[in-house]
file start_30.tsv (TSV, C-alpha atoms (C1' of nucleotides))
chain	number	residue	atom	x	y	z
A	29	MET	CA	100.98	94.92	118.56
A	30	GLU	CA	104.48	94.00	117.58
A	31	LEU	CA	103.30	90.96	115.64
A	32	LEU	CA	100.88	93.13	113.75
A	33	PHE	CA	103.61	95.58	112.89
A	34	PHE	CA	105.95	92.91	111.51
A	35	ALA	CA	103.21	91.06	109.69
A	36	TYR	CA	102.02	94.23	108.00
A	37	ARG	CA	105.54	95.36	107.21
A	38	ASP	CA	106.41	92.08	105.51
A	39	PHE	CA	103.04	91.70	103.90
A	40	THR	CA	103.26	95.04	102.16
A	41	ALA	CA	106.96	95.02	101.33
A	42	GLU	CA	107.07	92.78	98.28
A	43	PRO	CA	105.13	94.43	95.47
A	44	ASP	CA	107.31	97.50	95.44
A	45	GLN	CA	109.76	96.27	92.82
A	46	ILE	CA	106.96	95.61	90.36
A	47	LEU	CA	105.44	99.00	91.04
A	48	ALA	CA	108.76	100.70	90.48
A	49	ARG	CA	108.81	99.40	86.88
A	50	TYR	CA	105.68	101.43	86.20
A	51	LYS	CA	106.92	104.38	88.28
A	52	PHE	CA	104.07	103.73	90.67
A	53	GLY	CA	104.04	103.58	94.46
A	54	ARG	CA	102.05	101.89	97.16
A	55	ALA	CA	99.25	104.35	96.82
A	56	HIS	CA	98.67	103.11	93.29
A	57	HIS	CA	98.61	99.56	94.55
A	58	ARG	CA	95.92	100.36	97.09
A	59	VAL	CA	93.76	102.04	94.48
A	60	ILE	CA	94.14	99.19	92.02
A	61	TYR	CA	93.44	96.67	94.71
A	62	PHE	CA	90.22	98.27	95.91
A	63	VAL	CA	88.91	99.05	92.46
A	64	GLY	CA	89.59	95.42	91.60
A	65	ARG	CA	87.76	94.17	94.63
A	66	HIS	CA	84.84	96.56	94.24
A	67	PRO	CA	84.07	97.05	90.58
A	68	SER	CA	81.94	100.13	89.90
A	69	ILE	CA	83.05	101.75	93.11
A	70	THR	CA	82.57	105.52	93.15
A	71	VAL	CA	85.27	108.04	93.89
A	72	SER	CA	83.68	108.95	97.24
A	73	GLU	CA	83.49	105.37	98.36
A	74	LEU	CA	87.11	104.89	97.48
A	75	LEU	CA	88.02	107.99	99.44
A	76	ASP	CA	86.19	106.62	102.46
A	77	ILE	CA	87.95	103.32	102.24
A	78	LEU	CA	91.40	104.75	101.82
A	79	GLY	CA	90.87	107.42	104.43
A	80	ILE	CA	92.75	110.07	102.47
A	81	THR	CA	91.78	113.38	100.90
A	82	LYS	CA	90.35	113.88	97.45
A	83	GLN	CA	93.47	115.76	96.40
A	84	SER	CA	95.77	112.92	97.42
A	85	LEU	CA	93.65	110.35	95.66
A	86	SER	CA	93.33	112.43	92.55
A	87	ARG	CA	97.06	112.53	91.94
A	88	VAL	CA	97.28	108.77	91.94
A	89	LEU	CA	93.94	107.96	90.36
A	90	GLY	CA	94.57	110.49	87.62
A	91	GLN	CA	97.78	108.74	86.61
A	92	LEU	CA	96.12	105.35	86.60
A	93	ILE	CA	93.35	106.63	84.36
A	94	ARG	CA	95.64	108.50	82.01
A	95	GLU	CA	97.86	105.45	81.64
A	96	GLY	CA	94.96	103.13	80.97
A	97	PHE	CA	94.80	100.98	84.07
A	98	ILE	CA	91.42	102.25	85.22
A	99	ILE	CA	88.43	103.64	83.37
A	100	GLN	CA	85.60	105.78	84.59
A	101	ARG	CA	82.07	105.88	83.32
A	102	SER	CA	79.22	107.93	84.73
A	103	ASP	CA	76.50	106.33	86.72
A	104	ARG	CA	73.30	106.40	84.67
A	105	ARG	CA	71.09	107.09	87.65
A	106	ASP	CA	73.21	109.87	89.06
A	107	ARG	CA	75.41	111.31	86.41
A	108	ARG	CA	77.57	113.18	88.91
A	109	ARG	CA	79.06	109.90	90.01
A	110	ARG	CA	81.98	108.24	88.29
A	111	LEU	CA	82.14	104.49	88.49
A	112	LEU	CA	85.62	103.06	88.45
A	113	GLU	CA	86.70	99.81	86.79
A	114	LEU	CA	89.97	98.10	86.06
A	115	THR	CA	90.85	97.76	82.40
A	116	ASP	CA	92.38	94.50	81.17
A	117	ARG	CA	95.71	96.14	81.68
A	118	GLY	CA	94.71	97.14	85.19
A	119	ARG	CA	93.60	93.61	85.98
A	120	ASP	CA	96.94	92.27	84.80
A	121	LEU	CA	98.82	94.62	87.04
A	122	GLU	CA	96.54	93.85	89.95
A	123	ARG	CA	97.20	90.16	89.57
A	124	GLN	CA	100.93	90.66	89.39
A	125	LEU	CA	100.92	92.86	92.45
A	126	SER	CA	98.71	90.76	94.63
A	127	GLU	CA	100.16	87.43	93.61
A	128	ASN	CA	102.87	87.47	96.28
A	129	GLN	CA	100.47	88.63	98.90
A	130	ARG	CA	97.88	86.02	98.08
A	131	GLN	CA	100.50	83.32	98.21
A	132	ARG	CA	101.86	84.58	101.48
A	133	MET	CA	98.38	84.65	102.93
A	134	ALA	CA	97.61	81.18	101.57
A	135	ARG	CA	100.79	79.77	103.06
A	136	ALA	CA	100.05	81.36	106.42
A	137	TYR	CA	96.51	80.00	106.38
A	138	ARG	CA	97.59	76.53	105.36
A	139	SER	CA	100.13	76.12	108.08
A	140	ALA	CA	97.92	77.73	110.72
A	141	GLY	CA	94.78	75.69	110.08
A	142	ALA	CA	91.15	76.61	109.65
A	143	GLU	CA	90.47	77.32	113.30
A	144	SER	CA	93.32	79.77	113.58
A	145	VAL	CA	92.12	81.48	110.44
A	146	GLU	CA	88.71	81.99	111.99
A	147	GLY	CA	90.30	83.51	115.06
A	148	PHE	CA	92.52	85.69	112.93
A	149	ARG	CA	89.56	87.08	111.06
A	150	THR	CA	87.51	87.57	114.20
A	151	VAL	CA	90.16	89.60	115.95
A	152	LEU	CA	90.86	91.69	112.86
A	153	ARG	CA	87.16	92.46	112.50
A	154	ASN	CA	87.09	93.62	116.11
A	155	LEU	CA	90.05	95.88	115.57
A	156	ILE	CA	88.25	97.76	112.84
A	157	ASP	CA	86.23	100.87	113.70
A	158	ALA	CA	82.57	100.04	114.13
A	159	ARG	CA	81.79	102.29	111.18
A	160	ASP	CA	83.52	99.93	108.76
A	161	ARG	CA	83.09	96.68	110.61
A	162	ALA	CA	79.78	96.09	108.89
A	163	ARG	CA	81.57	95.41	105.62
A	164	PHE	CA	82.82	92.19	107.07
A	165	GLU	CA	79.85	90.86	108.92
A	166	THR	CA	78.80	87.35	108.16
A	167	GLY	CA	75.49	85.64	107.40
A	168	GLU	CA	72.26	87.51	108.08
A	169	ALA	CA	73.89	90.59	109.46
A	170	ALA	CA	75.78	91.06	106.19
A	171	ALA	CA	72.60	90.70	104.17
A	172	LYS	CA	70.97	93.43	106.23
A	173	VAL	CA	73.90	95.73	105.70
A	174	ALA	CA	73.97	95.06	102.00
A	175	SER	CA	70.28	95.81	101.62
A	176	ARG	CA	70.68	99.08	103.48
A	177	ARG	CA	73.02	100.40	100.79
B	26	MET	CA	93.79	91.00	102.83
B	27	GLU	CA	91.10	93.61	103.01
B	28	LEU	CA	90.48	92.95	106.69
B	29	LEU	CA	94.16	93.37	107.37
B	30	PHE	CA	94.20	96.67	105.52
B	31	PHE	CA	91.27	98.11	107.48
B	32	ALA	CA	92.48	96.77	110.81
B	33	TYR	CA	95.90	98.27	110.30
B	34	ARG	CA	94.49	101.53	109.03
B	35	ASP	CA	92.27	101.99	112.06
B	36	PHE	CA	94.80	100.64	114.48
B	37	THR	CA	97.41	103.17	113.48
B	38	ALA	CA	95.14	106.14	112.91
B	39	GLU	CA	94.50	107.33	116.44
B	40	PRO	CA	97.76	108.51	117.96
B	41	ASP	CA	98.31	111.17	115.32
B	42	GLN	CA	96.67	114.02	117.20
B	43	ILE	CA	98.93	113.50	120.20
B	44	LEU	CA	101.99	113.30	118.00
B	45	ALA	CA	101.01	116.52	116.25
B	46	ARG	CA	101.27	118.38	119.58
B	47	TYR	CA	104.94	117.51	119.70
B	48	LYS	CA	105.37	118.08	115.99
B	49	PHE	CA	106.13	114.41	115.59
B	50	GLY	CA	104.85	111.88	113.08
B	51	ARG	CA	104.24	108.17	112.92
B	52	ALA	CA	107.89	107.47	112.39
B	53	HIS	CA	108.60	108.92	115.83
B	54	HIS	CA	105.90	106.72	117.28
B	55	ARG	CA	107.47	103.60	115.84
B	56	VAL	CA	110.88	104.47	117.21
B	57	ILE	CA	109.51	105.26	120.66
B	58	TYR	CA	107.48	102.10	120.64
B	59	PHE	CA	110.36	99.79	119.76
B	60	VAL	CA	112.87	101.43	122.05
B	61	GLY	CA	110.29	101.09	124.81
B	62	ARG	CA	109.75	97.42	124.07
B	63	HIS	CA	113.43	96.63	123.67
B	64	PRO	CA	115.45	98.68	126.10
B	65	SER	CA	119.14	98.87	125.22
B	66	ILE	CA	118.43	98.13	121.60
B	67	THR	CA	121.22	99.20	119.26
B	68	VAL	CA	120.81	101.47	116.29
B	69	SER	CA	121.43	98.60	113.86
B	70	GLU	CA	118.84	96.40	115.46
B	71	LEU	CA	116.34	99.21	115.29
B	72	LEU	CA	117.16	99.72	111.61
B	73	ASP	CA	116.54	96.05	110.97
B	74	ILE	CA	113.22	96.11	112.73
B	75	LEU	CA	111.96	99.22	111.04
B	76	GLY	CA	113.26	98.20	107.65
B	77	ILE	CA	114.31	101.73	106.69
B	78	THR	CA	117.63	103.36	105.93
B	79	LYS	CA	120.03	104.78	108.45
B	80	GLN	CA	119.48	108.24	107.05
B	81	SER	CA	115.73	108.06	107.50
B	82	LEU	CA	116.05	106.80	111.02
B	83	SER	CA	118.62	109.36	111.91
B	84	ARG	CA	116.36	112.28	111.16
B	85	VAL	CA	113.71	111.00	113.51
B	86	LEU	CA	115.96	109.50	116.16
B	87	GLY	CA	118.06	112.65	116.22
B	88	GLN	CA	115.02	114.77	117.06
B	89	LEU	CA	113.93	112.40	119.79
B	90	ILE	CA	117.38	112.49	121.35
B	91	ARG	CA	117.78	116.25	121.08
B	92	GLU	CA	114.38	116.79	122.65
B	93	GLY	CA	115.05	114.43	125.52
B	94	PHE	CA	112.76	111.50	124.80
B	95	ILE	CA	115.54	108.98	124.20
B	96	ILE	CA	119.09	108.72	125.49
B	97	GLN	CA	122.03	106.85	124.09
B	98	ARG	CA	124.92	105.34	125.98
B	99	SER	CA	127.78	103.34	124.54
B	100	ASP	CA	127.93	99.64	125.02
B	101	ARG	CA	130.83	98.89	127.38
B	102	ARG	CA	131.84	95.76	125.53
B	103	ASP	CA	131.75	97.32	122.10
B	104	ARG	CA	132.04	101.04	122.34
B	105	ARG	CA	130.99	101.54	118.74
B	106	ARG	CA	127.47	100.57	119.63
B	107	ARG	CA	124.95	102.98	121.02
B	108	LEU	CA	122.32	101.55	123.29
B	109	LEU	CA	119.00	103.35	123.21
B	110	GLU	CA	116.66	103.91	126.15
B	111	LEU	CA	113.54	105.92	126.77
B	112	THR	CA	113.87	108.73	129.28
B	113	ASP	CA	111.06	109.31	131.78
B	114	ARG	CA	109.71	111.81	129.34
B	115	GLY	CA	109.94	109.25	126.57
B	116	ARG	CA	108.13	106.68	128.63
B	117	ASP	CA	105.33	109.17	129.32
B	118	LEU	CA	104.89	109.85	125.66
B	119	GLU	CA	105.01	106.16	124.83
B	120	ARG	CA	102.24	105.47	127.29
B	121	GLN	CA	100.09	108.25	125.94
B	122	LEU	CA	100.59	107.09	122.38
B	123	SER	CA	100.02	103.42	122.91
B	124	GLU	CA	97.14	103.78	125.33
B	125	ASN	CA	94.49	103.88	122.61
B	126	GLN	CA	96.07	101.03	120.76
B	127	ARG	CA	96.37	98.84	123.82
B	128	GLN	CA	92.75	99.48	124.66
B	129	ARG	CA	91.64	98.75	121.15
B	130	MET	CA	93.59	95.52	121.18
B	131	ALA	CA	92.24	94.59	124.61
B	132	ARG	CA	88.68	95.21	123.49
B	133	ALA	CA	89.20	93.15	120.35
B	134	TYR	CA	90.71	90.31	122.37
B	135	ARG	CA	87.99	90.38	124.99
B	136	SER	CA	85.14	90.15	122.55
B	137	ALA	CA	86.90	87.57	120.37
B	138	GLY	CA	87.87	85.16	123.13
B	139	ALA	CA	91.09	83.36	123.98
B	140	GLU	CA	90.88	80.83	121.19
B	141	SER	CA	90.49	83.45	118.51
B	142	VAL	CA	93.42	85.33	119.97
B	143	GLU	CA	95.60	82.26	119.62
B	144	GLY	CA	94.56	81.88	116.00
B	145	PHE	CA	95.17	85.56	115.38
B	146	ARG	CA	98.69	85.33	116.70
B	147	THR	CA	99.42	82.12	114.84
B	148	VAL	CA	98.42	83.52	111.48
B	149	LEU	CA	100.30	86.76	112.06
B	150	ARG	CA	103.43	84.80	112.96
B	151	ASN	CA	103.11	82.88	109.73
B	152	LEU	CA	102.76	86.04	107.71
B	153	ILE	CA	106.09	87.33	108.96
B	154	ASP	CA	109.25	86.60	106.98
B	155	ALA	CA	111.06	83.56	108.34
B	156	ARG	CA	113.98	85.81	109.19
B	157	ASP	CA	112.02	87.63	111.87
B	158	ARG	CA	109.60	84.92	112.82
B	159	ALA	CA	111.99	83.62	115.44
B	160	ARG	CA	111.33	86.67	117.59
B	161	PHE	CA	107.91	85.36	118.27
B	162	GLU	CA	108.47	81.69	118.78
B	163	THR	CA	107.05	80.19	121.90
B	164	GLY	CA	108.35	77.90	124.63
B	165	GLU	CA	111.65	76.10	124.08
B	166	ALA	CA	112.19	77.42	120.61
B	167	ALA	CA	112.11	80.96	121.97
B	168	ALA	CA	114.66	80.13	124.66
B	169	LYS	CA	117.01	78.76	122.02
B	170	VAL	CA	116.69	81.87	119.92
B	171	ALA	CA	117.29	84.08	122.93
B	172	SER	CA	120.43	82.21	123.92
B	173	ARG	CA	121.81	82.46	120.40
B	174	ARG	CA	121.97	86.24	120.66
C	26	DC	C1'	148.94	97.74	110.71
C	27	DA	C1'	144.97	96.82	107.68
C	28	DT	C1'	140.38	95.96	107.28
C	29	DA	C1'	135.70	95.61	108.70
C	30	DT	C1'	131.89	97.31	111.41
C	31	DA	C1'	128.70	100.66	113.85
C	32	DT	C1'	127.35	105.03	113.72
C	33	DG	C1'	126.61	109.61	112.00
C	34	DT	C1'	126.17	113.31	108.50
C	35	DC	C1'	125.42	116.13	104.16
C	36	DA	C1'	122.87	116.75	99.99
C	37	DA	C1'	119.39	115.90	96.68
C	38	DC	C1'	115.28	113.74	95.32
C	39	DA	C1'	110.49	111.17	95.23
C	40	DT	C1'	106.18	109.83	97.19
C	41	DG	C1'	102.20	110.62	99.26
C	42	DG	C1'	99.95	112.68	102.87
C	43	DC	C1'	97.81	117.54	104.18
C	44	DT	C1'	95.13	122.39	103.92
C	45	DG	C1'	92.80	125.93	101.44
C	46	DA	C1'	90.50	127.97	97.66
C	47	DC	C1'	87.77	127.41	93.66
C	48	DT	C1'	85.21	125.30	89.55
C	49	DT	C1'	81.81	122.52	87.20
C	50	DA	C1'	77.96	119.53	86.58
C	51	DA	C1'	74.07	117.41	88.22
C	52	DA	C1'	70.66	116.29	91.67
C	53	DA	C1'	67.55	117.56	95.27
C	54	DA	C1'	64.88	120.87	97.79
C	55	DG	C1'	62.16	124.96	97.98
D	29	DC	C1'	62.28	127.53	88.19
D	30	DT	C1'	65.52	129.05	91.36
D	31	DT	C1'	68.46	127.78	95.20
D	32	DT	C1'	71.09	124.69	97.63
D	33	DT	C1'	73.58	120.55	98.10
D	34	DT	C1'	76.41	116.96	96.42
D	35	DA	C1'	80.14	114.55	93.61
D	36	DA	C1'	84.02	115.27	91.38
D	37	DG	C1'	88.05	117.70	89.84
D	38	DT	C1'	91.94	121.14	89.96
D	39	DC	C1'	95.69	124.38	91.37
D	40	DA	C1'	99.11	125.68	94.61
D	41	DG	C1'	102.00	125.01	98.33
D	42	DC	C1'	103.52	122.62	102.61
D	43	DC	C1'	105.35	118.71	105.38
D	44	DA	C1'	106.78	114.03	106.77
D	45	DT	C1'	109.25	110.30	105.60
D	46	DG	C1'	111.07	107.33	102.48
D	47	DT	C1'	115.21	106.81	98.98
D	48	DT	C1'	120.51	106.97	96.96
D	49	DG	C1'	125.13	108.23	97.15
D	50	DA	C1'	129.24	109.97	99.15
D	51	DC	C1'	131.97	110.50	103.10
D	52	DA	C1'	133.76	110.80	108.07
D	53	DT	C1'	134.86	108.89	112.62
D	54	DA	C1'	135.64	105.66	116.22
D	55	DT	C1'	136.35	101.17	117.48
D	56	DA	C1'	136.97	96.25	116.99
D	57	DT	C1'	139.07	92.42	114.69
D	58	DG	C1'	142.31	89.74	111.85
call {"tool": "encode", "arguments": {"input": "start_30.tsv", "output": "structure tokens"}}
result
Amino acid sequence: MELLFFAYRDFTAEPDQILARYKFGRAHHRVIYFVGRHPSITVSELLDILGITKQSLSRVLGQLIREGFIIQRSDRRDRRRRLLELTDRGRDLERQLSENQRQRMARAYRSAGAESVEGFRTVLRNLIDARDRARFETGEAAAKVASRR
Amino acid sequence: MELLFFAYRDFTAEPDQILARYKFGRAHHRVIYFVGRHPSITVSELLDILGITKQSLSRVLGQLIREGFIIQRSDRRDRRRRLLELTDRGRDLERQLSENQRQRMARAYRSAGAESVEGFRTVLRNLIDARDRARFETGEAAAKVASRR
DNA sequence: CATATATGTCAACATGGCTGACTTAAAAAG
DNA sequence: CTTTTTAAGTCAGCCATGTTGACATATATG
């Protein structure tokens, strides 16, 4: 538990200086990260992932849209939905922000070795609520989940 | 990175209802947790661990002391230092709060197996800044670190 | 004695959660 | 075609927990 605390603390600490330049906070980082990882994600899906309220998200998402880091377009099939994408500008910022973290992760993986990495991922998956664990299933199970959506 | 986000999100989500009963937040949980794990910790050490400012800590720590969850006594050798301990009441609360988390961790460990657990811990250690990594060294290295303090 | 260190405190401010109440547009159900 | 449900957005206000900066006090150290 303590390890997890320190690892998470140090893992998330670095990007803050970059964010400050844009007058953004960690919440913005999370939004940019997940929109980057899941292009065409809807607002509801993003809310589910972040586990926060619509009102909280809207403050942050609104800024990102107004300042041109994210664009919305409506889903053709269901025009109530807004699909979110990073703009070029958004992608730039995402890369800047995640660069440190990716490097840190890569370093940790390299010096731990492939077996440790597998164990790391297995335990993390088990820590996640069953509801969301499916996102990270491997092989056939993942295919099933994907097709269900 | 995504796995880590979800695991941390779910791992930290549960104790909030209990905390709410005492009108406490997550910050109180962290303080109670670390004082519980490191009896006689000083205020400075706690600040280092939490990575927050003295003023932020003081708000939370002050409440916990006033409400009888933590006591301070001065260090005999250096009477400027205040050593922090959980009271019986504090220990009760700590147990309540961490119970879910310990169970979640135990479940994750059980279904992942001993090897995965080793890998998990190895990668987490590597993710931590070198500065704090020493806390978690094993065997002889750990003894050295301990004796240096 | 002078300086450095550990702790505490006051004030003001920012971020990012929350609840509650409502609106609008579109889809789905009847 | 009307009603209901769903997805998204908005306004207002509250709270927890970070931040900076300025100081104060007690004690240890040089």
call {"tool": "interface_residues", "arguments": {"input": "start_30.tsv", "of": "chain B", "to": "chain A", "cutoff": "6 Å", "atoms": "all atoms listed in the file", "output": "PDB file with C-alpha atoms, in the coordinates of the input"}}
result
ATOM      1  CA  ALA B  32      92.480  96.770 110.810  1.00  0.00           C
ATOM      2  CA  ASP B  35      92.270 101.990 112.060  1.00  0.00           C
ATOM      3  CA  ALA B 133      89.200  93.150 120.350  1.00  0.00           C
ATOM      4  CA  ALA B 137      86.900  87.570 120.370  1.00  0.00           C
ATOM      5  CA  SER B 141      90.490  83.450 118.510  1.00  0.00           C
ATOM      6  CA  GLY B 144      94.560  81.880 116.000  1.00  0.00           C
ATOM      7  CA  PHE B 145      95.170  85.560 115.380  1.00  0.00           C
ATOM      8  CA  VAL B 148      98.420  83.520 111.480  1.00  0.00           C
ATOM      9  CA  LEU B 149     100.300  86.760 112.060  1.00  0.00           C
ATOM     10  CA  ASN B 151     103.110  82.880 109.730  1.00  0.00           C
ATOM     11  CA  LEU B 152     102.760  86.040 107.710  1.00  0.00           C
ATOM     12  CA  ILE B 153     106.090  87.330 108.960  1.00  0.00           C
TER      13      ILE B 153
END
call {"tool": "interface_residues", "arguments": {"input": "start_30.tsv", "of": "chain C", "to": "chain B", "cutoff": "9 Å", "atoms": "all atoms listed in the file", "output": "ChimeraX atom specification"}}
result
/C:30-34
call {"tool": "residues_around", "arguments": {"input": "start_30.tsv", "residues": "D:DT48", "least_positions_apart": "2", "cutoff": "12 Å", "atoms": "all atoms listed in the file", "output": "number ranges by chain"}}
result
B: 78-81; C: 36-39; D: 46, 50
call {"tool": "interface_residues", "arguments": {"input": "start_30.tsv", "of": "chain D", "to": "chain B", "cutoff": "8 Å", "atoms": "all atoms listed in the file", "output": "PDB file with C-alpha atoms (C1' of nucleotides), in the coordinates of the input"}}
result
ATOM      1  C1'  DA D  44     106.780 114.030 106.770  1.00  0.00           C
ATOM      2  C1'  DT D  45     109.250 110.300 105.600  1.00  0.00           C
ATOM      3  C1'  DG D  46     111.070 107.330 102.480  1.00  0.00           C
ATOM      4  C1'  DA D  54     135.640 105.660 116.220  1.00  0.00           C
ATOM      5  C1'  DT D  55     136.350 101.170 117.480  1.00  0.00           C
ATOM      6  C1'  DA D  56     136.970  96.250 116.990  1.00  0.00           C
TER       7       DA D  56
END
call {"tool": "atom_distance", "arguments": {"input": "start_30.tsv", "atom1": "atom CA of B:Gln128", "atom2": "atom CA of B:Phe94"}}
result
23.3 Å
call {"tool": "atom_distance", "arguments": {"input": "start_30.tsv", "atom1": "atom CA of A:Gly96", "atom2": "atom CA of A:Asp116"}}
result
9.0 Å
call {"tool": "atom_distance", "arguments": {"input": "start_30.tsv", "atom1": "atom CA of B:Leu122", "atom2": "atom CA of B:Leu86"}}
result
16.8 Å
call {"tool": "residues_around", "arguments": {"input": "start_30.tsv", "residues": "D:DT33", "least_positions_apart": "6", "cutoff": "10 Å", "atoms": "all atoms listed in the file", "output": "ChimeraX atom specification"}}
result
/C:52-54
call {"tool": "build_atoms", "arguments": {"input": "start_30.tsv", "residues": "stretch 55-72 of chain A", "atoms": "N, CA and C atoms", "output": "PDB file, in the frame of the given file"}}
result
ATOM      1  N   ALA A  55     100.557 103.736  96.925  1.00  0.00           N
ATOM      2  CA  ALA A  55      99.250 104.350  96.820  1.00  0.00           C
ATOM      3  C   ALA A  55      98.521 103.819  95.590  1.00  0.00           C
ATOM      4  N   HIS A  56      99.275 103.658  94.504  1.00  0.00           N
ATOM      5  CA  HIS A  56      98.670 103.110  93.290  1.00  0.00           C
ATOM      6  C   HIS A  56      98.189 101.683  93.529  1.00  0.00           C
ATOM      7  N   HIS A  57      98.991 100.936  94.246  1.00  0.00           N
ATOM      8  CA  HIS A  57      98.610  99.560  94.550  1.00  0.00           C
ATOM      9  C   HIS A  57      97.286  99.511  95.294  1.00  0.00           C
ATOM     10  N   ARG A  58      97.154 100.361  96.296  1.00  0.00           N
ATOM     11  CA  ARG A  58      95.920 100.360  97.090  1.00  0.00           C
ATOM     12  C   ARG A  58      94.718 100.680  96.221  1.00  0.00           C
ATOM     13  N   VAL A  59      94.873 101.667  95.348  1.00  0.00           N
ATOM     14  CA  VAL A  59      93.760 102.040  94.480  1.00  0.00           C
ATOM     15  C   VAL A  59      93.405 100.875  93.559  1.00  0.00           C
ATOM     16  N   ILE A  60      94.398 100.304  92.923  1.00  0.00           N
ATOM     17  CA  ILE A  60      94.140  99.190  92.020  1.00  0.00           C
ATOM     18  C   ILE A  60      93.496  98.032  92.761  1.00  0.00           C
ATOM     19  N   TYR A  61      94.003  97.767  93.929  1.00  0.00           N
ATOM     20  CA  TYR A  61      93.440  96.670  94.710  1.00  0.00           C
ATOM     21  C   TYR A  61      91.961  96.888  95.002  1.00  0.00           C
ATOM     22  N   PHE A  62      91.608  98.049  95.500  1.00  0.00           N
ATOM     23  CA  PHE A  62      90.220  98.270  95.910  1.00  0.00           C
ATOM     24  C   PHE A  62      89.280  98.420  94.721  1.00  0.00           C
ATOM     25  N   VAL A  63      89.759  98.993  93.639  1.00  0.00           N
ATOM     26  CA  VAL A  63      88.910  99.050  92.460  1.00  0.00           C
ATOM     27  C   VAL A  63      88.685  97.625  91.930  1.00  0.00           C
ATOM     28  N   GLY A  64      89.717  96.812  92.028  1.00  0.00           N
ATOM     29  CA  GLY A  64      89.590  95.420  91.600  1.00  0.00           C
ATOM     30  C   GLY A  64      88.599  94.638  92.436  1.00  0.00           C
ATOM     31  N   ARG A  65      88.647  94.891  93.724  1.00  0.00           N
ATOM     32  CA  ARG A  65      87.760  94.170  94.630  1.00  0.00           C
ATOM     33  C   ARG A  65      86.335  94.693  94.596  1.00  0.00           C
ATOM     34  N   HIS A  66      86.169  95.949  94.222  1.00  0.00           N
ATOM     35  CA  HIS A  66      84.840  96.560  94.240  1.00  0.00           C
ATOM     36  C   HIS A  66      84.565  97.231  92.914  1.00  0.00           C
ATOM     37  N   PRO A  67      84.306  96.452  91.885  1.00  0.00           N
ATOM     38  CA  PRO A  67      84.070  97.050  90.580  1.00  0.00           C
ATOM     39  C   PRO A  67      82.891  98.014  90.664  1.00  0.00           C
ATOM     40  N   SER A  68      82.956  99.088  89.898  1.00  0.00           N
ATOM     41  CA  SER A  68      81.940 100.130  89.900  1.00  0.00           C
ATOM     42  C   SER A  68      81.894 100.948  91.191  1.00  0.00           C
ATOM     43  N   ILE A  69      82.963 100.915  91.916  1.00  0.00           N
ATOM     44  CA  ILE A  69      83.050 101.750  93.110  1.00  0.00           C
ATOM     45  C   ILE A  69      83.082 103.212  92.675  1.00  0.00           C
ATOM     46  N   THR A  70      82.504 104.094  93.480  1.00  0.00           N
ATOM     47  CA  THR A  70      82.570 105.520  93.150  1.00  0.00           C
ATOM     48  C   THR A  70      83.805 106.143  93.801  1.00  0.00           C
ATOM     49  N   VAL A  71      84.121 107.338  93.341  1.00  0.00           N
ATOM     50  CA  VAL A  71      85.270 108.040  93.890  1.00  0.00           C
ATOM     51  C   VAL A  71      85.086 108.266  95.389  1.00  0.00           C
ATOM     52  N   SER A  72      83.905 108.679  95.804  1.00  0.00           N
ATOM     53  CA  SER A  72      83.680 108.950  97.240  1.00  0.00           C
ATOM     54  C   SER A  72      83.853 107.709  98.089  1.00  0.00           C
TER      55      SER A  72
END
